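One file, start-v2.pdb, is given below (PDB, C-alpha atoms, pLDDT in the B column).
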ATOM      1  CA  MET Q   1     -31.384 -11.093 -14.300  1.00 43.00           C
ATOM      2  CA  THR Q   2     -34.760 -11.957 -12.769  1.00 46.00           C
ATOM      3  CA  LYS Q   3     -36.843  -9.548 -10.694  1.00 46.00           C
ATOM      4  CA  SER Q   4     -36.133 -11.504  -7.491  1.00 41.00           C
ATOM      5  CA  VAL Q   5     -32.371 -11.382  -8.099  1.00 38.00           C
ATOM      6  CA  LYS Q   6     -32.541  -7.643  -8.796  1.00 40.00           C
ATOM      7  CA  ARG Q   7     -34.526  -7.203  -5.574  1.00 37.00           C
ATOM      8  CA  VAL Q   8     -31.983  -9.222  -3.546  1.00 38.00           C
ATOM      9  CA  THR Q   9     -29.165  -7.202  -5.111  1.00 37.00           C
ATOM     10  CA  THR Q  10     -30.901  -3.938  -4.235  1.00 34.00           C
ATOM     11  CA  ILE Q  11     -31.626  -5.058  -0.671  1.00 33.00           C
ATOM     12  CA  VAL Q  12     -28.051  -6.260  -0.160  1.00 38.00           C
ATOM     13  CA  LEU Q  13     -26.651  -2.996  -1.505  1.00 33.00           C
ATOM     14  CA  GLN Q  14     -29.003  -0.878   0.611  1.00 33.00           C
ATOM     15  CA  LEU Q  15     -28.296  -2.798   3.808  1.00 33.00           C
ATOM     16  CA  THR Q  16     -24.572  -2.913   3.233  1.00 35.00           C
ATOM     17  CA  LEU Q  17     -24.400   0.769   2.323  1.00 31.00           C
ATOM     18  CA  ARG Q  18     -26.148   1.609   5.572  1.00 31.00           C
ATOM     19  CA  ALA Q  19     -24.025  -0.754   7.668  1.00 37.00           C
ATOM     20  CA  ALA Q  20     -20.563  -0.431   6.140  1.00 37.00           C
ATOM     21  CA  GLY Q  21     -20.320   2.936   4.482  1.00 36.00           C
ATOM     22  CA  ARG Q  22     -19.157   2.036   0.963  1.00 34.00           C
ATOM     23  CA  ILE Q  23     -19.533  -1.018  -1.244  1.00 37.00           C
ATOM     24  CA  ALA Q  24     -18.427  -2.095  -4.723  1.00 36.00           C
ATOM     25  CA  ILE Q  25     -19.849  -4.946  -6.811  1.00 36.00           C
ATOM     26  CA  LEU Q  26     -16.926  -6.883  -8.242  1.00 34.00           C
ATOM     27  CA  SER Q  27     -18.452  -9.738 -10.162  1.00 34.00           C
ATOM     28  CA  GLN Q  28     -21.679 -11.627 -10.697  1.00 37.00           C
ATOM     29  CA  ALA Q  29     -20.757 -15.230 -11.452  1.00 40.00           C
ATOM     30  CA  ASP Q  30     -24.344 -16.366 -11.134  1.00 41.00           C
ATOM     31  CA  ALA Q  31     -27.660 -15.080  -9.872  1.00 32.00           C
ATOM     32  CA  ALA Q  32     -27.354 -16.733  -6.461  1.00 35.00           C
ATOM     33  CA  ARG Q  33     -23.823 -15.621  -5.537  1.00 43.00           C
ATOM     34  CA  GLN Q  34     -22.507 -12.086  -5.725  1.00 48.00           C
ATOM     35  CA  ALA Q  35     -19.035 -10.975  -4.730  1.00 53.00           C
ATOM     36  CA  LEU Q  36     -18.827  -7.750  -2.797  1.00 57.00           C
ATOM     37  CA  VAL Q  37     -16.083  -5.799  -1.111  1.00 57.00           C
ATOM     38  CA  VAL Q  38     -17.102  -4.136   2.094  1.00 57.00           C
ATOM     39  CA  ASP Q  39     -14.811  -1.183   2.655  1.00 51.00           C
ATOM     40  CA  ALA Q  40     -15.291   1.082   5.645  1.00 50.00           C
ATOM     41  CA  PRO Q  41     -12.870   2.599   8.162  1.00 53.00           C
ATOM     42  CA  GLY Q  42     -11.066  -0.282   9.888  1.00 57.00           C
ATOM     43  CA  VAL Q  43     -13.001  -2.913   7.909  1.00 57.00           C
ATOM     44  CA  ALA Q  44     -11.900  -4.572   4.699  1.00 81.00           C
ATOM     45  CA  ARG Q  45     -13.764  -7.761   3.996  1.00 91.00           C
ATOM     46  CA  TYR Q  46     -14.612  -9.774   0.945  1.00 95.00           C
ATOM     47  CA  ARG Q  47     -18.172 -11.083   0.804  1.00 95.00           C
ATOM     48  CA  ILE Q  48     -19.845 -13.799  -1.192  1.00 95.00           C
ATOM     49  CA  GLN Q  49     -23.459 -14.821  -1.032  1.00 95.00           C
ATOM     50  CA  GLU Q  50     -24.552 -18.397  -1.397  1.00 94.00           C
ATOM     51  CA  TYR Q  51     -27.838 -20.215  -0.976  1.00 95.00           C
ATOM     52  CA  VAL Q  52     -28.074 -23.247   1.285  1.00 96.00           C
ATOM     53  CA  ARG Q  53     -28.552 -26.026  -1.271  1.00 96.00           C
ATOM     54  CA  TRP Q  54     -30.150 -29.470  -1.037  1.00 95.00           C
ATOM     55  CA  GLU Q  55     -26.724 -31.134  -0.764  1.00 95.00           C
ATOM     56  CA  ASP Q  56     -25.827 -28.799   2.145  1.00 95.00           C
ATOM     57  CA  ILE Q  57     -28.518 -30.018   4.555  1.00 94.00           C
ATOM     58  CA  ASP Q  58     -28.670 -33.070   6.792  1.00 94.00           C
ATOM     59  CA  ALA Q  59     -31.558 -35.310   7.849  1.00 92.00           C
ATOM     60  CA  ALA Q  60     -32.700 -32.688  10.388  1.00 92.00           C
ATOM     61  CA  GLY Q  61     -33.162 -30.211   7.527  1.00 92.00           C
ATOM     62  CA  ILE Q  62     -30.424 -27.840   8.660  1.00 95.00           C
ATOM     63  CA  ILE Q  63     -27.091 -27.007   7.125  1.00 95.00           C
ATOM     64  CA  ASN Q  64     -24.412 -29.639   7.638  1.00 94.00           C
ATOM     65  CA  TYR Q  65     -21.065 -28.475   9.020  1.00 92.00           C
ATOM     66  CA  GLN Q  66     -19.273 -29.541   5.814  1.00 92.00           C
ATOM     67  CA  ALA Q  67     -21.194 -26.931   3.816  1.00 95.00           C
ATOM     68  CA  TYR Q  68     -19.561 -24.164   5.837  1.00 96.00           C
ATOM     69  CA  LEU Q  69     -16.154 -25.427   4.742  1.00 95.00           C
ATOM     70  CA  ARG Q  70     -17.348 -25.185   1.124  1.00 95.00           C
ATOM     71  CA  PHE Q  71     -18.563 -21.633   1.743  1.00 96.00           C
ATOM     72  CA  PHE Q  72     -15.245 -20.710   3.393  1.00 97.00           C
ATOM     73  CA  ALA Q  73     -13.290 -22.177   0.465  1.00 96.00           C
ATOM     74  CA  LEU Q  74     -15.374 -20.158  -2.033  1.00 95.00           C
ATOM     75  CA  ALA Q  75     -14.850 -16.944  -0.064  1.00 97.00           C
ATOM     76  CA  GLU Q  76     -11.125 -17.649   0.299  1.00 96.00           C
ATOM     77  CA  ALA Q  77     -10.598 -18.331  -3.407  1.00 96.00           C
ATOM     78  CA  GLU Q  78     -12.540 -15.257  -4.527  1.00 95.00           C
ATOM     79  CA  MET Q  79     -10.914 -12.959  -1.960  1.00 96.00           C
ATOM     80  CA  LEU Q  80      -7.448 -14.107  -3.047  1.00 95.00           C
ATOM     81  CA  ARG Q  81      -8.426 -13.713  -6.711  1.00 95.00           C
ATOM     82  CA  GLU Q  82      -9.677 -10.164  -6.068  1.00 94.00           C
ATOM     83  CA  ALA Q  83      -6.345  -9.402  -4.354  1.00 94.00           C
ATOM     84  CA  GLY Q  84      -4.504 -10.576  -7.495  1.00 94.00           C
ATOM     85  CA  LEU Q  85      -3.503 -13.860  -5.872  1.00 95.00           C
ATOM     86  CA  SER Q  86      -5.289 -16.491  -7.938  1.00 94.00           C
ATOM     87  CA  TYR Q  87      -4.219 -20.045  -7.214  1.00 92.00           C
ATOM     88  CA  ARG Q  88      -2.670 -20.183 -10.663  1.00 93.00           C
ATOM     89  CA  PHE Q  89      -0.513 -17.140  -9.811  1.00 95.00           C
ATOM     90  CA  LEU Q  90       0.483 -18.625  -6.435  1.00 94.00           C
ATOM     91  CA  PHE Q  91       1.378 -21.982  -7.951  1.00 94.00           C
ATOM     92  CA  GLU Q  92       2.941 -20.980 -11.260  1.00 94.00           C
ATOM     93  CA  SER Q  93       4.490 -17.579 -10.530  1.00 94.00           C
ATOM     94  CA  LEU Q  94       5.421 -17.863  -6.859  1.00 95.00           C
ATOM     95  CA  GLY Q  95       5.979 -21.646  -6.770  1.00 95.00           C
ATOM     96  CA  ILE Q  96       4.192 -22.111  -3.453  1.00 96.00           C
ATOM     97  CA  TRP Q  97       1.256 -23.986  -1.967  1.00 96.00           C
ATOM     98  CA  LEU Q  98      -0.906 -22.728   0.893  1.00 96.00           C
ATOM     99  CA  PRO Q  99      -2.109 -25.893   2.663  1.00 96.00           C
ATOM    100  CA  ARG Q 100      -4.525 -25.493   5.556  1.00 96.00           C
ATOM    101  CA  VAL Q 101      -2.999 -26.662   8.811  1.00 97.00           C
ATOM    102  CA  ARG Q 102      -5.893 -25.632  11.020  1.00 97.00           C
ATOM    103  CA  VAL Q 103      -9.612 -25.293  10.320  1.00 96.00           C
ATOM    104  CA  GLU Q 104     -12.079 -24.017  12.912  1.00 97.00           C
ATOM    105  CA  CYS Q 105     -15.823 -23.493  12.783  1.00 97.00           C
ATOM    106  CA  GLN Q 106     -18.221 -22.221  15.427  1.00 97.00           C
ATOM    107  CA  PHE Q 107     -21.960 -22.715  14.981  1.00 95.00           C
ATOM    108  CA  TYR Q 108     -24.414 -20.236  16.504  1.00 97.00           C
ATOM    109  CA  ARG Q 109     -27.754 -20.642  14.681  1.00 96.00           C
ATOM    110  CA  PRO Q 110     -29.110 -23.231  12.261  1.00 95.00           C
ATOM    111  CA  ALA Q 111     -29.456 -22.333   8.595  1.00 96.00           C
ATOM    112  CA  LYS Q 112     -32.048 -24.072   6.442  1.00 95.00           C
ATOM    113  CA  LEU Q 113     -32.603 -24.989   2.817  1.00 95.00           C
ATOM    114  CA  ASP Q 114     -32.750 -22.045   0.374  1.00 95.00           C
ATOM    115  CA  GLU Q 115     -31.667 -19.423   2.905  1.00 96.00           C
ATOM    116  CA  LEU Q 116     -29.313 -16.882   1.385  1.00 96.00           C
ATOM    117  CA  LEU Q 117     -26.148 -16.594   3.469  1.00 97.00           C
ATOM    118  CA  SER Q 118     -23.464 -13.919   3.307  1.00 96.00           C
ATOM    119  CA  VAL Q 119     -19.932 -15.094   3.994  1.00 97.00           C
ATOM    120  CA  GLU Q 120     -17.362 -12.422   4.805  1.00 96.00           C
ATOM    121  CA  ALA Q 121     -13.678 -13.288   4.549  1.00 97.00           C
ATOM    122  CA  TYR Q 122     -10.693 -11.326   5.775  1.00 96.00           C
ATOM    123  CA  SER Q 123      -7.102 -11.778   6.855  1.00 96.00           C
ATOM    124  CA  SER Q 124      -6.618 -11.442  10.614  1.00 94.00           C
ATOM    125  CA  ARG Q 125      -2.908 -12.228  10.854  1.00 95.00           C
ATOM    126  CA  ILE Q 126       0.044 -12.560   8.533  1.00 95.00           C
ATOM    127  CA  GLY Q 127       2.836 -14.401  10.282  1.00 95.00           C
ATOM    128  CA  ASN Q 128       6.322 -15.217   9.111  1.00 97.00           C
ATOM    129  CA  ARG Q 129       5.218 -18.428   7.379  1.00 97.00           C
ATOM    130  CA  SER Q 130       1.456 -18.413   7.863  1.00 97.00           C
ATOM    131  CA  LEU Q 131      -1.666 -16.577   6.864  1.00 96.00           C
ATOM    132  CA  HIS Q 132      -4.780 -16.525   9.056  1.00 97.00           C
ATOM    133  CA  LEU Q 133      -8.126 -16.116   7.302  1.00 97.00           C
ATOM    134  CA  ASP Q 134     -11.322 -15.501   9.242  1.00 97.00           C
ATOM    135  CA  PHE Q 135     -14.905 -15.991   8.087  1.00 97.00           C
ATOM    136  CA  GLU Q 136     -18.255 -14.739   9.358  1.00 97.00           C
ATOM    137  CA  VAL Q 137     -21.556 -16.129   8.096  1.00 97.00           C
ATOM    138  CA  ARG Q 138     -24.888 -14.323   8.409  1.00 97.00           C
ATOM    139  CA  ARG Q 139     -28.309 -14.542   6.833  1.00 95.00           C
ATOM    140  CA  HIS Q 140     -28.298 -11.794   4.238  1.00 87.00           C
ATOM    141  CA  GLU Q 141     -30.785  -9.537   6.045  1.00 80.00           C
ATOM    142  CA  GLU Q 142     -29.770 -10.224   9.639  1.00 90.00           C
ATOM    143  CA  PRO Q 143     -26.891  -8.905  11.750  1.00 92.00           C
ATOM    144  CA  ASP Q 144     -26.498 -11.987  13.983  1.00 94.00           C
ATOM    145  CA  LEU Q 145     -23.830 -14.557  13.223  1.00 97.00           C
ATOM    146  CA  VAL Q 146     -24.944 -17.960  11.986  1.00 97.00           C
ATOM    147  CA  ALA Q 147     -21.393 -19.350  12.053  1.00 97.00           C
ATOM    148  CA  SER Q 148     -17.795 -18.205  12.070  1.00 97.00           C
ATOM    149  CA  GLY Q 149     -14.576 -19.880  11.091  1.00 97.00           C
ATOM    150  CA  LYS Q 150     -10.860 -19.618  10.716  1.00 97.00           C
ATOM    151  CA  TYR Q 151      -8.216 -21.137   8.456  1.00 97.00           C
ATOM    152  CA  ILE Q 152      -4.518 -21.106   9.139  1.00 98.00           C
ATOM    153  CA  LEU Q 153      -2.576 -21.557   5.902  1.00 97.00           C
ATOM    154  CA  VAL Q 154       1.144 -22.258   5.819  1.00 98.00           C
ATOM    155  CA  CYS Q 155       3.279 -21.102   2.917  1.00 97.00           C
ATOM    156  CA  VAL Q 156       5.345 -24.050   1.576  1.00 97.00           C
ATOM    157  CA  ARG Q 157       7.577 -24.667  -1.429  1.00 96.00           C
ATOM    158  CA  GLN Q 158       5.900 -26.869  -4.012  1.00 94.00           C
ATOM    159  CA  LYS Q 159       8.821 -29.211  -4.583  1.00 93.00           C
ATOM    160  CA  ASP Q 160       9.278 -30.383  -0.980  1.00 95.00           C
ATOM    161  CA  PHE Q 161       6.520 -28.846   1.191  1.00 95.00           C
ATOM    162  CA  VAL Q 162       9.123 -27.089   3.348  1.00 97.00           C
ATOM    163  CA  PRO Q 163       7.641 -23.996   5.052  1.00 97.00           C
ATOM    164  CA  VAL Q 164       8.971 -20.720   3.638  1.00 97.00           C
ATOM    165  CA  PRO Q 165       8.367 -17.071   4.562  1.00 98.00           C
ATOM    166  CA  VAL Q 166       5.202 -15.539   3.170  1.00 97.00           C
ATOM    167  CA  PRO Q 167       6.356 -13.649   0.055  1.00 97.00           C
ATOM    168  CA  GLU Q 168       6.142  -9.858   0.161  1.00 96.00           C
ATOM    169  CA  GLU Q 169       3.902 -10.007  -2.902  1.00 95.00           C
ATOM    170  CA  ILE Q 170       1.268 -11.898  -0.890  1.00 96.00           C
ATOM    171  CA  ARG Q 171       1.666  -9.576   2.106  1.00 95.00           C
ATOM    172  CA  SER Q 172       1.211  -6.429   0.045  1.00 94.00           C
ATOM    173  CA  ARG Q 173      -1.706  -7.732  -2.026  1.00 94.00           C
ATOM    174  CA  ILE Q 174      -3.692  -9.244   0.860  1.00 94.00           C
ATOM    175  CA  ARG Q 175      -3.219  -6.132   3.006  1.00 91.00           C
ATOM    176  CA  ARG Q 176      -6.435  -4.563   1.684  1.00 90.00           C
ATOM    177  CA  PHE Q 177      -8.387  -7.452   3.238  1.00 94.00           C
ATOM    178  CA  HIS Q 178      -6.476  -7.406   6.506  1.00 91.00           C
ATOM    179  CA  GLU Q 179      -7.870  -6.307   9.830  1.00 86.00           C
ATOM    180  CA  ASP Q 180      -6.546  -6.960  13.257  1.00 71.00           C
ATOM    181  CA  SER Q 181      -8.746  -9.382  15.091  1.00 52.00           C
ATOM    182  CA  PHE Q 182      -9.859  -8.350  18.525  1.00 46.00           C
ATOM    183  CA  LYS Q 183     -11.625 -11.078  20.381  1.00 48.00           C
ATOM    184  CA  PRO Q 184     -11.945 -10.591  24.145  1.00 40.00           C
TER
END

Just dump the structure as structure tokens.
Amino acid sequence: MTKSVKRVTTIVLQLTLRAAGRIAILSQADAARQALVVDAPGVARYRIQEYVRWEDIDAAGIINYQAYLRFFALAEAEMLREAGLSYRFLFESLGIWLPRVRVECQFYRPAKLDELLSVEAYSSRIGNRSLHLDFEVRRHEEPDLVASGKYILVCVRQKDFVPVPVPEEIRSRIRRFHEDSFKP
């Protein structure tokens, strides 16, 4: 681990400890992205960190909207994995798919090349046949939102794509990353 990565890790831990109460490092897949669980009263979010890369920017030099979908997909996959719901488990053990039927993204501030972004993911609603995942994106040292997003996933049988109730195993495992969304 380089000095700059250690410094970023220390800064992230210090800021998050101050802001959220308690934090646990779960994995370190590479130097640029670290997976963190933010766990404070009423808050249970999974966080990844990702740099804005060359392929993420457009001709204006700011992040392209498609990059946010990549960030959301990374946060979703890692949050589900941390909850014990890897795609392999969902597909092979539960025999279901979770296709996205709705994708939303709101943009608040531009992000530029090489900025380190933190993407927080959490479940905001578990319906009968659907799962709502919300995402908030910030620059790693700033409290203001850069972007936010939402996925609505529908639970379907693999063999015929017929919607089925969300299995209790998913409900119980994702519960640790669930918070009721309150948006006035």

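Separating CA of His140 in chain Q from CA of Ala111 in chain Q is a distance of 11.5 Å.
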
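Residues matched by the PyMOL selection byres ((chain Q and resi 162) around 12) in this file: Gly95, Ile96, Trp97, Leu98, Pro99, Arg129, Val154, Cys155, Val156, Arg157, Gln158, Lys159, Asp160, Phe161, Pro163, Val164 and Pro165 of chain Q.
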
Item to check | Interatomic distance, CA of Ser172 in chain Q to CA of Ala77 in chain Q (Å, one decimal) | outcome: 17.1 Å

Checklist entry - Of the candidates Q:Glu50, Q:Asp180, Q:Glu168, Q:Glu82, which shows the shortest atom-to-atom distance to Asn128 in chain Q, using only C-alpha atoms? => result Q:Glu168

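We find CA of Leu80 in chain Q and CA of Pro143 in chain Q to be spaced 25.0 Å apart.
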
Checklist outcome for this item: Min atom-atom distance to Arg102 in chain Q from the set Q:Ile63, Q:His132, Q:Ile57, Q:Arg176, counting only C-alpha atoms, belongs to Q:His132
